[in-house]
$ cat upload_31.cif   # mmCIF, N, CA and C atoms
data_model
#
loop_
_atom_site.label_atom_id
_atom_site.label_comp_id
_atom_site.auth_asym_id
_atom_site.auth_seq_id
_atom_site.Cartn_x
_atom_site.Cartn_y
_atom_site.Cartn_z
N GLU A 23 -11.55 -18.64 8.27
CA GLU A 23 -11.10 -17.28 8.53
C GLU A 23 -9.66 -17.11 8.06
N VAL A 24 -9.43 -16.06 7.30
CA VAL A 24 -8.08 -15.79 6.80
C VAL A 24 -7.17 -15.34 7.94
N ALA A 25 -5.99 -15.92 7.99
CA ALA A 25 -4.97 -15.51 8.97
C ALA A 25 -3.63 -15.39 8.27
N LEU A 26 -2.94 -14.29 8.50
CA LEU A 26 -1.60 -14.04 7.96
C LEU A 26 -0.73 -13.60 9.12
N VAL A 27 0.34 -14.35 9.37
CA VAL A 27 1.20 -14.07 10.53
C VAL A 27 2.64 -13.90 10.06
N GLU A 28 3.14 -12.68 10.18
CA GLU A 28 4.50 -12.38 9.76
C GLU A 28 5.49 -12.60 10.90
N SER A 29 6.72 -12.89 10.52
CA SER A 29 7.80 -13.02 11.50
C SER A 29 9.13 -12.75 10.81
N GLY A 30 10.17 -12.58 11.62
CA GLY A 30 11.52 -12.44 11.08
C GLY A 30 12.11 -11.05 11.11
N GLY A 31 11.33 -10.07 11.53
CA GLY A 31 11.86 -8.72 11.59
C GLY A 31 12.89 -8.57 12.69
N GLY A 32 13.52 -7.41 12.73
CA GLY A 32 14.52 -7.16 13.75
C GLY A 32 15.32 -5.91 13.46
N LEU A 33 16.39 -5.75 14.22
CA LEU A 33 17.30 -4.61 14.07
C LEU A 33 18.54 -5.07 13.30
N VAL A 34 18.91 -4.32 12.28
CA VAL A 34 20.05 -4.69 11.45
C VAL A 34 20.80 -3.42 11.04
N HIS A 35 22.10 -3.55 10.84
CA HIS A 35 22.90 -2.42 10.38
C HIS A 35 22.70 -2.19 8.89
N PRO A 36 22.94 -0.98 8.41
CA PRO A 36 22.89 -0.75 6.96
C PRO A 36 23.81 -1.71 6.22
N GLY A 37 23.32 -2.25 5.12
CA GLY A 37 24.06 -3.25 4.37
C GLY A 37 23.76 -4.67 4.78
N GLY A 38 23.06 -4.84 5.87
CA GLY A 38 22.75 -6.16 6.38
C GLY A 38 21.57 -6.80 5.68
N SER A 39 21.19 -7.98 6.18
CA SER A 39 20.12 -8.76 5.58
C SER A 39 19.15 -9.27 6.64
N LEU A 40 17.93 -9.52 6.20
CA LEU A 40 16.91 -10.15 7.03
C LEU A 40 16.06 -11.05 6.15
N SER A 41 15.47 -12.06 6.77
CA SER A 41 14.54 -12.94 6.07
C SER A 41 13.19 -12.89 6.77
N LEU A 42 12.19 -12.46 6.05
CA LEU A 42 10.84 -12.38 6.61
C LEU A 42 10.02 -13.58 6.14
N SER A 43 9.12 -14.03 7.00
CA SER A 43 8.22 -15.13 6.67
C SER A 43 6.79 -14.73 6.98
N CYS A 44 5.86 -15.37 6.29
CA CYS A 44 4.43 -15.14 6.53
C CYS A 44 3.73 -16.48 6.44
N ALA A 45 3.10 -16.89 7.54
CA ALA A 45 2.33 -18.12 7.56
C ALA A 45 0.88 -17.79 7.25
N ALA A 46 0.34 -18.44 6.23
CA ALA A 46 -1.02 -18.15 5.78
C ALA A 46 -1.95 -19.33 6.07
N SER A 47 -3.20 -19.04 6.35
CA SER A 47 -4.19 -20.08 6.57
C SER A 47 -5.58 -19.52 6.31
N GLY A 48 -6.53 -20.43 6.12
CA GLY A 48 -7.92 -20.01 5.97
C GLY A 48 -8.37 -19.73 4.55
N PHE A 49 -7.50 -19.99 3.57
CA PHE A 49 -7.87 -19.80 2.17
C PHE A 49 -6.97 -20.68 1.31
N SER A 50 -7.30 -20.76 0.02
CA SER A 50 -6.53 -21.60 -0.91
C SER A 50 -5.27 -20.84 -1.32
N PHE A 51 -4.25 -20.99 -0.53
CA PHE A 51 -3.03 -20.20 -0.68
C PHE A 51 -2.43 -20.29 -2.08
N SER A 52 -2.33 -21.49 -2.60
CA SER A 52 -1.66 -21.68 -3.89
C SER A 52 -2.40 -21.05 -5.05
N GLU A 53 -3.65 -20.69 -4.85
CA GLU A 53 -4.45 -20.11 -5.93
C GLU A 53 -4.40 -18.59 -5.95
N GLU A 54 -3.74 -18.01 -4.97
CA GLU A 54 -3.78 -16.56 -4.83
C GLU A 54 -2.41 -15.92 -4.98
N SER A 55 -2.35 -14.83 -5.73
CA SER A 55 -1.17 -13.99 -5.68
C SER A 55 -1.05 -13.39 -4.29
N MET A 56 0.17 -13.17 -3.86
CA MET A 56 0.41 -12.60 -2.53
C MET A 56 1.37 -11.43 -2.65
N SER A 57 1.31 -10.56 -1.66
CA SER A 57 2.12 -9.34 -1.71
C SER A 57 2.76 -9.04 -0.37
N TRP A 58 3.80 -8.24 -0.42
CA TRP A 58 4.40 -7.62 0.76
C TRP A 58 4.23 -6.10 0.63
N LEU A 59 3.89 -5.49 1.74
CA LEU A 59 3.80 -4.04 1.82
C LEU A 59 4.58 -3.59 3.05
N ARG A 60 4.86 -2.32 3.11
CA ARG A 60 5.53 -1.78 4.29
C ARG A 60 5.03 -0.37 4.58
N GLN A 61 5.21 0.02 5.83
CA GLN A 61 4.87 1.38 6.24
C GLN A 61 5.98 1.92 7.10
N GLY A 62 6.69 2.91 6.57
CA GLY A 62 7.76 3.54 7.31
C GLY A 62 7.21 4.55 8.30
N PRO A 63 8.03 5.00 9.24
CA PRO A 63 7.58 5.99 10.23
C PRO A 63 7.11 7.27 9.56
N GLY A 64 5.87 7.65 9.81
CA GLY A 64 5.30 8.85 9.24
C GLY A 64 4.97 8.76 7.77
N LYS A 65 4.99 7.53 7.22
CA LYS A 65 4.73 7.36 5.80
C LYS A 65 3.47 6.53 5.57
N ARG A 66 3.00 6.58 4.33
CA ARG A 66 1.84 5.78 3.96
C ARG A 66 2.25 4.33 3.72
N LEU A 67 1.27 3.46 3.81
CA LEU A 67 1.48 2.06 3.47
C LEU A 67 1.82 1.98 1.99
N GLU A 68 2.91 1.25 1.66
CA GLU A 68 3.32 1.15 0.26
C GLU A 68 3.52 -0.30 -0.14
N TRP A 69 3.10 -0.61 -1.34
CA TRP A 69 3.33 -1.94 -1.91
C TRP A 69 4.80 -2.06 -2.30
N ILE A 70 5.40 -3.22 -2.04
CA ILE A 70 6.79 -3.40 -2.43
C ILE A 70 7.02 -4.61 -3.32
N SER A 71 6.18 -5.65 -3.20
CA SER A 71 6.44 -6.83 -4.02
C SER A 71 5.22 -7.73 -4.08
N SER A 72 5.08 -8.46 -5.19
CA SER A 72 4.02 -9.47 -5.34
C SER A 72 4.56 -10.69 -6.05
N ILE A 73 3.85 -11.79 -5.87
CA ILE A 73 4.20 -13.04 -6.52
C ILE A 73 2.92 -13.75 -6.92
N THR A 74 2.91 -14.36 -8.10
CA THR A 74 1.73 -15.08 -8.56
C THR A 74 1.53 -16.36 -7.75
N GLY A 75 0.36 -16.95 -7.89
CA GLY A 75 0.02 -18.12 -7.10
C GLY A 75 0.98 -19.30 -7.29
N ASP A 76 1.42 -19.48 -8.52
CA ASP A 76 2.33 -20.58 -8.79
C ASP A 76 3.79 -20.19 -8.62
N GLY A 77 4.04 -18.95 -8.27
CA GLY A 77 5.41 -18.49 -8.04
C GLY A 77 6.20 -18.19 -9.29
N SER A 78 5.56 -18.23 -10.45
CA SER A 78 6.30 -18.09 -11.69
C SER A 78 6.66 -16.65 -12.05
N ARG A 79 5.91 -15.71 -11.50
CA ARG A 79 6.18 -14.31 -11.79
C ARG A 79 6.26 -13.50 -10.50
N THR A 80 7.20 -12.59 -10.49
CA THR A 80 7.40 -11.72 -9.33
C THR A 80 7.48 -10.27 -9.79
N TYR A 81 7.11 -9.37 -8.89
CA TYR A 81 7.06 -7.96 -9.21
C TYR A 81 7.61 -7.18 -8.01
N TYR A 82 8.31 -6.07 -8.31
CA TYR A 82 8.93 -5.28 -7.25
C TYR A 82 8.78 -3.79 -7.55
N THR A 83 8.66 -3.01 -6.49
CA THR A 83 8.75 -1.58 -6.67
C THR A 83 10.22 -1.24 -6.94
N PRO A 84 10.50 -0.19 -7.72
CA PRO A 84 11.89 0.12 -8.07
C PRO A 84 12.81 0.30 -6.87
N ALA A 85 12.28 0.79 -5.77
CA ALA A 85 13.14 1.06 -4.61
C ALA A 85 13.79 -0.19 -4.02
N VAL A 86 13.21 -1.37 -4.30
CA VAL A 86 13.75 -2.60 -3.70
C VAL A 86 14.24 -3.58 -4.75
N THR A 87 14.03 -3.28 -6.02
CA THR A 87 14.45 -4.18 -7.10
C THR A 87 15.96 -4.42 -7.02
N GLY A 88 16.31 -5.71 -7.08
CA GLY A 88 17.71 -6.08 -7.01
C GLY A 88 18.22 -6.30 -5.60
N ARG A 89 17.45 -5.91 -4.60
CA ARG A 89 17.86 -6.08 -3.20
C ARG A 89 16.94 -7.05 -2.45
N PHE A 90 15.66 -7.04 -2.76
CA PHE A 90 14.68 -7.90 -2.10
C PHE A 90 14.26 -9.02 -3.05
N THR A 91 13.94 -10.18 -2.47
CA THR A 91 13.45 -11.30 -3.25
C THR A 91 12.24 -11.92 -2.58
N ILE A 92 11.14 -11.99 -3.32
CA ILE A 92 9.92 -12.61 -2.81
C ILE A 92 9.87 -14.06 -3.29
N SER A 93 9.36 -14.94 -2.45
CA SER A 93 9.21 -16.34 -2.83
C SER A 93 8.09 -16.95 -1.99
N ARG A 94 7.74 -18.18 -2.32
CA ARG A 94 6.66 -18.86 -1.60
C ARG A 94 6.86 -20.35 -1.61
N ASP A 95 6.27 -21.01 -0.62
CA ASP A 95 6.24 -22.46 -0.53
C ASP A 95 4.77 -22.85 -0.40
N ASN A 96 4.16 -23.24 -1.49
CA ASN A 96 2.73 -23.53 -1.48
C ASN A 96 2.40 -24.78 -0.65
N ALA A 97 3.32 -25.71 -0.58
CA ALA A 97 3.08 -26.92 0.21
C ALA A 97 2.92 -26.59 1.70
N LYS A 98 3.58 -25.50 2.13
CA LYS A 98 3.53 -25.11 3.54
C LYS A 98 2.71 -23.84 3.77
N SER A 99 2.12 -23.31 2.70
CA SER A 99 1.35 -22.06 2.79
C SER A 99 2.18 -20.95 3.43
N MET A 100 3.38 -20.78 2.91
CA MET A 100 4.30 -19.79 3.46
C MET A 100 4.74 -18.82 2.36
N LEU A 101 4.85 -17.57 2.74
CA LEU A 101 5.35 -16.50 1.88
C LEU A 101 6.62 -15.96 2.52
N PHE A 102 7.59 -15.61 1.67
CA PHE A 102 8.88 -15.13 2.19
C PHE A 102 9.30 -13.84 1.51
N LEU A 103 10.14 -13.10 2.20
CA LEU A 103 10.78 -11.93 1.61
C LEU A 103 12.20 -11.85 2.14
N GLN A 104 13.16 -12.00 1.23
CA GLN A 104 14.56 -11.86 1.58
C GLN A 104 14.99 -10.43 1.35
N LEU A 105 15.51 -9.79 2.38
CA LEU A 105 15.92 -8.40 2.30
C LEU A 105 17.44 -8.33 2.41
N ASN A 106 18.08 -7.87 1.35
CA ASN A 106 19.53 -7.72 1.32
C ASN A 106 19.91 -6.25 1.10
N SER A 107 21.15 -5.94 1.41
CA SER A 107 21.68 -4.58 1.21
C SER A 107 20.73 -3.54 1.79
N LEU A 108 20.33 -3.78 3.01
CA LEU A 108 19.32 -2.91 3.64
C LEU A 108 19.83 -1.50 3.85
N LYS A 109 18.93 -0.55 3.71
CA LYS A 109 19.21 0.87 3.89
C LYS A 109 18.35 1.40 5.03
N THR A 110 18.75 2.53 5.57
CA THR A 110 17.97 3.10 6.68
C THR A 110 16.53 3.41 6.24
N GLU A 111 16.35 3.75 4.98
CA GLU A 111 15.00 4.05 4.49
C GLU A 111 14.12 2.82 4.33
N ASP A 112 14.69 1.64 4.52
CA ASP A 112 13.89 0.42 4.51
C ASP A 112 13.21 0.18 5.86
N THR A 113 13.53 0.97 6.85
CA THR A 113 12.90 0.83 8.16
C THR A 113 11.39 0.96 8.08
N GLY A 114 10.69 0.06 8.76
CA GLY A 114 9.24 0.13 8.78
C GLY A 114 8.61 -1.16 9.23
N MET A 115 7.29 -1.14 9.27
CA MET A 115 6.53 -2.36 9.56
C MET A 115 6.23 -3.04 8.23
N TYR A 116 6.54 -4.32 8.16
CA TYR A 116 6.35 -5.08 6.93
C TYR A 116 5.17 -6.02 7.09
N TYR A 117 4.30 -6.02 6.08
CA TYR A 117 3.08 -6.81 6.11
C TYR A 117 3.01 -7.73 4.90
N CYS A 118 2.51 -8.93 5.11
CA CYS A 118 2.12 -9.75 3.97
C CYS A 118 0.62 -9.57 3.78
N ALA A 119 0.18 -9.68 2.54
CA ALA A 119 -1.21 -9.36 2.23
C ALA A 119 -1.72 -10.20 1.07
N GLN A 120 -3.05 -10.34 1.05
CA GLN A 120 -3.69 -11.05 -0.05
C GLN A 120 -3.85 -10.16 -1.29
N ASP A 121 -3.66 -8.87 -1.11
CA ASP A 121 -3.89 -7.94 -2.20
C ASP A 121 -2.79 -6.87 -2.20
N THR A 122 -2.69 -6.15 -3.29
CA THR A 122 -1.61 -5.16 -3.40
C THR A 122 -1.87 -3.89 -2.61
N GLN A 123 -3.05 -3.70 -2.09
CA GLN A 123 -3.35 -2.52 -1.30
C GLN A 123 -3.30 -2.79 0.20
N GLY A 124 -3.13 -4.04 0.57
CA GLY A 124 -3.02 -4.36 1.99
C GLY A 124 -4.34 -4.35 2.73
N ILE A 125 -5.43 -4.52 2.02
CA ILE A 125 -6.74 -4.53 2.67
C ILE A 125 -6.85 -5.73 3.61
N VAL A 126 -6.36 -6.88 3.17
CA VAL A 126 -6.32 -8.07 4.02
C VAL A 126 -4.85 -8.38 4.27
N ARG A 127 -4.39 -8.05 5.45
CA ARG A 127 -2.97 -8.22 5.78
C ARG A 127 -2.81 -8.70 7.20
N GLY A 128 -1.58 -9.11 7.52
CA GLY A 128 -1.29 -9.57 8.86
C GLY A 128 -1.02 -8.42 9.81
N GLN A 129 -0.49 -8.76 11.00
CA GLN A 129 -0.24 -7.74 12.01
C GLN A 129 1.10 -7.04 11.80
N GLY A 130 1.93 -7.61 10.96
CA GLY A 130 3.19 -6.98 10.60
C GLY A 130 4.37 -7.43 11.44
N THR A 131 5.56 -7.22 10.91
CA THR A 131 6.80 -7.46 11.63
C THR A 131 7.71 -6.25 11.41
N GLN A 132 8.34 -5.78 12.49
CA GLN A 132 9.11 -4.54 12.43
C GLN A 132 10.52 -4.79 11.92
N VAL A 133 10.92 -3.99 10.95
CA VAL A 133 12.29 -4.00 10.44
C VAL A 133 12.90 -2.63 10.74
N THR A 134 14.01 -2.64 11.46
CA THR A 134 14.70 -1.40 11.78
C THR A 134 16.13 -1.48 11.26
N VAL A 135 16.49 -0.55 10.40
CA VAL A 135 17.83 -0.50 9.84
C VAL A 135 18.52 0.75 10.39
N SER A 136 19.53 0.51 11.22
CA SER A 136 20.17 1.63 11.90
C SER A 136 21.61 1.27 12.25
N SER A 137 22.46 2.28 12.22
CA SER A 137 23.84 2.05 12.63
C SER A 137 24.02 2.35 14.11
#

$ encode --input "upload_31.cif" --output "structure tokens"
Amino acid sequence: EVALVESGGGLVHPGGSLSLSCAASGFSFSEESMSWLRQGPGKRLEWISSITGDGSRTYYTPAVTGRFTISRDNAKSMLFLQLNSLKTEDTGMYYCAQDTQGIVRGQGTQVTVSS
């Protein structure tokens, strides 16, 4: 059974940083591209970043390019998202997922950016 468990969210001031983690199990992690998505208050679920199975290629939505960094540790079946220079509009629930639409995703971790 696939399990994705996110952690690392919290409350941070604008300009601050957070590190999100996702522990994966129940599938061949290293063989699958993985993604992060988020859903802001009153907004639709949106894709923000993906990484190939071997970690060689990464992709970002323009809104987070240059501020967020996706990475993975295949030996530990872990996915990460480093969030820097956070803005209030980055507030939302962040999910790791097996696909770019978030069909198979974890329960999420809340990120709140507020002064």

$ atom_distance --input "upload_31.cif" --atom1 "atom CA of Ile73 of chain A" --atom2 "atom CA of Ser57 of chain A"
6.4 Å

$ residues_around --input "upload_31.cif" --residues "Asn96 of chain A" --least-positions-apart "2" --cutoff "12 Å" --atoms "only C-alpha atoms" --output "mmCIF file with N, CA and C atoms, keeping the file's coordinate frame"
data_model
loop_
_atom_site.group_PDB
_atom_site.id
_atom_site.type_symbol
_atom_site.label_atom_id
_atom_site.label_comp_id
_atom_site.auth_asym_id
_atom_site.auth_seq_id
_atom_site.Cartn_x
_atom_site.Cartn_y
_atom_site.Cartn_z
ATOM 1 N N CYS A 44 5.860 -15.370 6.290
ATOM 2 C CA CYS A 44 4.430 -15.140 6.530
ATOM 3 C C CYS A 44 3.730 -16.480 6.440
ATOM 4 N N ALA A 45 3.100 -16.890 7.540
ATOM 5 C CA ALA A 45 2.330 -18.120 7.560
ATOM 6 C C ALA A 45 0.880 -17.790 7.250
ATOM 7 N N ALA A 46 0.340 -18.440 6.230
ATOM 8 C CA ALA A 46 -1.020 -18.150 5.780
ATOM 9 C C ALA A 46 -1.950 -19.330 6.070
ATOM 10 N N SER A 47 -3.200 -19.040 6.350
ATOM 11 C CA SER A 47 -4.190 -20.080 6.570
ATOM 12 C C SER A 47 -5.580 -19.520 6.310
ATOM 13 N N PHE A 49 -7.500 -19.990 3.570
ATOM 14 C CA PHE A 49 -7.870 -19.800 2.170
ATOM 15 C C PHE A 49 -6.970 -20.680 1.310
ATOM 16 N N SER A 50 -7.300 -20.760 0.020
ATOM 17 C CA SER A 50 -6.530 -21.600 -0.910
ATOM 18 C C SER A 50 -5.270 -20.840 -1.320
ATOM 19 N N PHE A 51 -4.250 -20.990 -0.530
ATOM 20 C CA PHE A 51 -3.030 -20.200 -0.680
ATOM 21 C C PHE A 51 -2.430 -20.290 -2.080
ATOM 22 N N SER A 52 -2.330 -21.490 -2.600
ATOM 23 C CA SER A 52 -1.660 -21.680 -3.890
ATOM 24 C C SER A 52 -2.400 -21.050 -5.050
ATOM 25 N N GLU A 53 -3.650 -20.690 -4.850
ATOM 26 C CA GLU A 53 -4.450 -20.110 -5.930
ATOM 27 C C GLU A 53 -4.400 -18.590 -5.950
ATOM 28 N N GLU A 54 -3.740 -18.010 -4.970
ATOM 29 C CA GLU A 54 -3.780 -16.560 -4.830
ATOM 30 C C GLU A 54 -2.410 -15.920 -4.980
ATOM 31 N N SER A 55 -2.350 -14.830 -5.730
ATOM 32 C CA SER A 55 -1.170 -13.990 -5.680
ATOM 33 C C SER A 55 -1.050 -13.390 -4.290
ATOM 34 N N MET A 56 0.170 -13.170 -3.860
ATOM 35 C CA MET A 56 0.410 -12.600 -2.530
ATOM 36 C C MET A 56 1.370 -11.430 -2.650
ATOM 37 N N ILE A 73 3.850 -11.790 -5.870
ATOM 38 C CA ILE A 73 4.200 -13.040 -6.520
ATOM 39 C C ILE A 73 2.920 -13.750 -6.920
ATOM 40 N N THR A 74 2.910 -14.360 -8.100
ATOM 41 C CA THR A 74 1.730 -15.080 -8.560
ATOM 42 C C THR A 74 1.530 -16.360 -7.750
ATOM 43 N N GLY A 75 0.360 -16.950 -7.890
ATOM 44 C CA GLY A 75 0.020 -18.120 -7.100
ATOM 45 C C GLY A 75 0.980 -19.300 -7.290
ATOM 46 N N ASP A 76 1.420 -19.480 -8.520
ATOM 47 C CA ASP A 76 2.330 -20.580 -8.790
ATOM 48 C C ASP A 76 3.790 -20.190 -8.620
ATOM 49 N N GLY A 77 4.040 -18.950 -8.270
ATOM 50 C CA GLY A 77 5.410 -18.490 -8.040
ATOM 51 C C GLY A 77 6.200 -18.190 -9.290
ATOM 52 N N SER A 93 9.360 -14.940 -2.450
ATOM 53 C CA SER A 93 9.210 -16.340 -2.830
ATOM 54 C C SER A 93 8.090 -16.950 -1.990
ATOM 55 N N ARG A 94 7.740 -18.180 -2.320
ATOM 56 C CA ARG A 94 6.660 -18.860 -1.600
ATOM 57 C C ARG A 94 6.860 -20.350 -1.610
ATOM 58 N N LYS A 98 3.580 -25.500 2.130
ATOM 59 C CA LYS A 98 3.530 -25.110 3.540
ATOM 60 C C LYS A 98 2.710 -23.840 3.770
ATOM 61 N N SER A 99 2.120 -23.310 2.700
ATOM 62 C CA SER A 99 1.350 -22.060 2.790
ATOM 63 C C SER A 99 2.180 -20.950 3.430
ATOM 64 N N MET A 100 3.380 -20.780 2.910
ATOM 65 C CA MET A 100 4.300 -19.790 3.460
ATOM 66 C C MET A 100 4.740 -18.820 2.360
ATOM 67 N N LEU A 101 4.850 -17.570 2.740
ATOM 68 C CA LEU A 101 5.350 -16.500 1.880
ATOM 69 C C LEU A 101 6.620 -15.960 2.520
ATOM 70 N N PHE A 102 7.590 -15.610 1.670
ATOM 71 C CA PHE A 102 8.880 -15.130 2.190
ATOM 72 C C PHE A 102 9.300 -13.840 1.510
#

$ residues_around --input "upload_31.cif" --residues "Ala119 of chain A" --least-positions-apart "2" --cutoff "7 Å" --atoms "all atoms listed in the file" --output "list in words"
Ser55, Met56, Ser57, Trp58, Leu59, Tyr117, Asp121, Thr122, Gly124, Ile125, Val126, Arg127 and Gly128 of chain A

$ closest_residue --input "upload_31.cif" --among "A:Ile70, A:Ala97, A:Gln123, A:Ser29" --to "Pro84 of chain A" --atoms "all atoms listed in the file"
A:Ile70

$ select_by_dssp --input "upload_31.cif" --residues "chain A" --states "strand (DSSP E or B)" --output "count of residues only"
56

$ atom_distance --input "upload_31.cif" --atom1 "atom C of Val133 of chain A" --atom2 "atom CA of Thr110 of chain A"
8.7 Å

$ atom_distance --input "upload_31.cif" --atom1 "atom C of Gly114 of chain A" --atom2 "atom CA of Ser72 of chain A"
17.4 Å

$ closest_residue --input "upload_31.cif" --among "A:Tyr81, A:Ser137, A:Leu67, A:Cys118" --to "Ser43 of chain A" --atoms "only N, CA and C atoms"
A:Cys118

$ residues_around --input "upload_31.cif" --residues "Tyr116 of chain A" --least-positions-apart "4" --cutoff "6 Å" --atoms "all atoms listed in the file" --output "ChimeraX atom specification"
/A:59-61,130-133

$ resolve_selection --input "upload_31.cif" --expression "the PyMOL selection byres ((chain A and resi 134) around 5)" --output "ChimeraX atom specification"
/A:32-34,113,132-133,135-136

$ write_last_selection --input "upload_31.cif" --atoms "N, CA and C atoms" --output "PDB file, in the frame of the given file"
ATOM      1  N   GLY A  32      13.520  -7.410  12.730  1.00  0.00           N
ATOM      2  CA  GLY A  32      14.520  -7.160  13.750  1.00  0.00           C
ATOM      3  C   GLY A  32      15.320  -5.910  13.460  1.00  0.00           C
ATOM      4  N   LEU A  33      16.390  -5.750  14.220  1.00  0.00           N
ATOM      5  CA  LEU A  33      17.300  -4.610  14.070  1.00  0.00           C
ATOM      6  C   LEU A  33      18.540  -5.070  13.300  1.00  0.00           C
ATOM      7  N   VAL A  34      18.910  -4.320  12.280  1.00  0.00           N
ATOM      8  CA  VAL A  34      20.050  -4.690  11.450  1.00  0.00           C
ATOM      9  C   VAL A  34      20.800  -3.420  11.040  1.00  0.00           C
ATOM     10  N   THR A 113      13.530   0.970   6.850  1.00  0.00           N
ATOM     11  CA  THR A 113      12.900   0.830   8.160  1.00  0.00           C
ATOM     12  C   THR A 113      11.390   0.960   8.080  1.00  0.00           C
ATOM     13  N   GLN A 132       8.340  -5.780  12.490  1.00  0.00           N
ATOM     14  CA  GLN A 132       9.110  -4.540  12.430  1.00  0.00           C
ATOM     15  C   GLN A 132      10.520  -4.790  11.920  1.00  0.00           C
ATOM     16  N   VAL A 133      10.920  -3.990  10.950  1.00  0.00           N
ATOM     17  CA  VAL A 133      12.290  -4.000  10.440  1.00  0.00           C
ATOM     18  C   VAL A 133      12.900  -2.630  10.740  1.00  0.00           C
ATOM     19  N   VAL A 135      16.490  -0.550  10.400  1.00  0.00           N
ATOM     20  CA  VAL A 135      17.830  -0.500   9.840  1.00  0.00           C
ATOM     21  C   VAL A 135      18.520   0.750  10.390  1.00  0.00           C
ATOM     22  N   SER A 136      19.530   0.510  11.220  1.00  0.00           N
ATOM     23  CA  SER A 136      20.170   1.630  11.900  1.00  0.00           C
ATOM     24  C   SER A 136      21.610   1.270  12.250  1.00  0.00           C
TER      25      SER A 136
END

$ residues_around --input "upload_31.cif" --residues "Phe90 of chain A" --least-positions-apart "3" --cutoff "6.5 Å" --atoms "only N, CA and C atoms" --output "list in words"
Val86, Thr87, Leu103, Gln104, Leu105 and Asn106 of chain A

$ write_last_selection --input "upload_31.cif" --atoms "N, CA and C atoms" --output "short mmCIF file (atom, residue, chain, number, x, y, z; two decimals), in the frame of the given file"
data_model
loop_
_atom_site.label_atom_id
_atom_site.label_comp_id
_atom_site.auth_asym_id
_atom_site.auth_seq_id
_atom_site.Cartn_x
_atom_site.Cartn_y
_atom_site.Cartn_z
N VAL A 86 13.21 -1.37 -4.30
CA VAL A 86 13.75 -2.60 -3.70
C VAL A 86 14.24 -3.58 -4.75
N THR A 87 14.03 -3.28 -6.02
CA THR A 87 14.45 -4.18 -7.10
C THR A 87 15.96 -4.42 -7.02
N LEU A 103 10.14 -13.10 2.20
CA LEU A 103 10.78 -11.93 1.61
C LEU A 103 12.20 -11.85 2.14
N GLN A 104 13.16 -12.00 1.23
CA GLN A 104 14.56 -11.86 1.58
C GLN A 104 14.99 -10.43 1.35
N LEU A 105 15.51 -9.79 2.38
CA LEU A 105 15.92 -8.40 2.30
C LEU A 105 17.44 -8.33 2.41
N ASN A 106 18.08 -7.87 1.35
CA ASN A 106 19.53 -7.72 1.32
C ASN A 106 19.91 -6.25 1.10
#

$ closest_residue --input "upload_31.cif" --among "A:Thr80, A:Ser71, A:Ser107, A:Gln120" --to "Gly38 of chain A" --atoms "all atoms listed in the file"
A:Ser107

$ select_by_dssp --input "upload_31.cif" --residues "chain A" --states "helix (DSSP H, G or I)" --output "ChimeraX atom specification"
/A:51-53,110-112

$ closest_residue --input "upload_31.cif" --among "A:Val24, A:His35, A:Pro63, A:Gly30" --to "Gly48 of chain A" --atoms "only N, CA and C atoms"
A:Val24
